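Take a look at the structure set out below.
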Amino acid sequence: MAEEEKQEQAEPQESKAEETHAGTAEETDWKAEARKWEARSKENKTAAEELAQLKEAEKSEIQKANEKAAKAEAKANAYELEKSIAGWKADVSKKTGIPAEVLAGSTEEEIEAHAASLAPYFKKHPAPVVKGDGYRPAGEAGKRDPMREMITNKLN
């Protein structure tokens, strides 16, 4: 019944639009057209909401429980996958020395391939080895240092 009343209300607006432009066929009353389509969209929205409510009411408790269980299972699977990926990243990080935070991929093979591509950038360069007493180069460690002798003599 509500739809019939809305249709009756919409019809006078349509007839008014037709009457105002009976003489000029090429001109269009855009405001009237907009109102007409707005009324139709409101009718469609209410009809869609009513249909959704009917469908939800028709669902049995078993269907609702099945849907809820399926959502929970999907969420649990997502958490398990996330945990697996974190474990794979930690393993590859231990093997390669590349931080787990920079590794990407959704399978162990992808993570290993990404680590291999990043390996040249994380390669550790050895520190230079300095031989000697720490003050002079290695060949001069046994030589006499007059400046040092002068400083130590003045302090004593």
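In the structure tokens, chains take letters A, B, ... by order of appearance, with residues numbered from 1 within each chain and ligands from 1 in the order shown.
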**Message:** At a cut-off of 12 Å, using only C-alpha atoms, what residues contact stretch 64-81 of chain A? Leave out same-chain residues fewer than 6 positions from it and give the result as a list in words.
**Reply:**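 Skipping anything fewer than 6 positions along the chain leaves Lys55, Glu56, Ala57, Glu58, Gly87, Trp88, Gly105, Ser106, Thr107 and Glu108 of chain A.
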Output as a Markdown table one row per residue of stretch 45-111 of chain A within 7 Å of stretch 115-130 of chain A: the closest atom pair and its distance in Å to one decimal place, counting only C-alpha atoms, sorted by chain and residue number ascending.
```
| residue | atom | partner | partner_atom | distance |
| --- | --- | --- | --- | --- |
| A:Ile98 | CA | A:Phe122 | CA | 6.5 |
| A:Leu103 | CA | A:Ala115 | CA | 6.4 |
| A:Ile111 | CA | A:Ala115 | CA | 6.2 |
```
Given the selection you just returned, output its residues as a file containing N, CA and C atoms, formatted as a compact mmCIF listing (two decimals), in the first residue's frame.
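After the write, again_10.txt holds the following:
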```txt
# COMPACT_ATOMS: atom_id res chain seq x y z
N ILE A 98 69.82 -10.83 7.19
CA ILE A 98 69.02 -9.68 6.76
C ILE A 98 67.86 -9.51 7.76
N LEU A 103 62.09 -8.06 4.92
CA LEU A 103 61.77 -9.17 4.03
C LEU A 103 60.29 -9.13 3.65
N ILE A 111 60.02 -15.38 0.20
CA ILE A 111 60.82 -14.67 1.21
C ILE A 111 62.31 -14.95 0.99
```
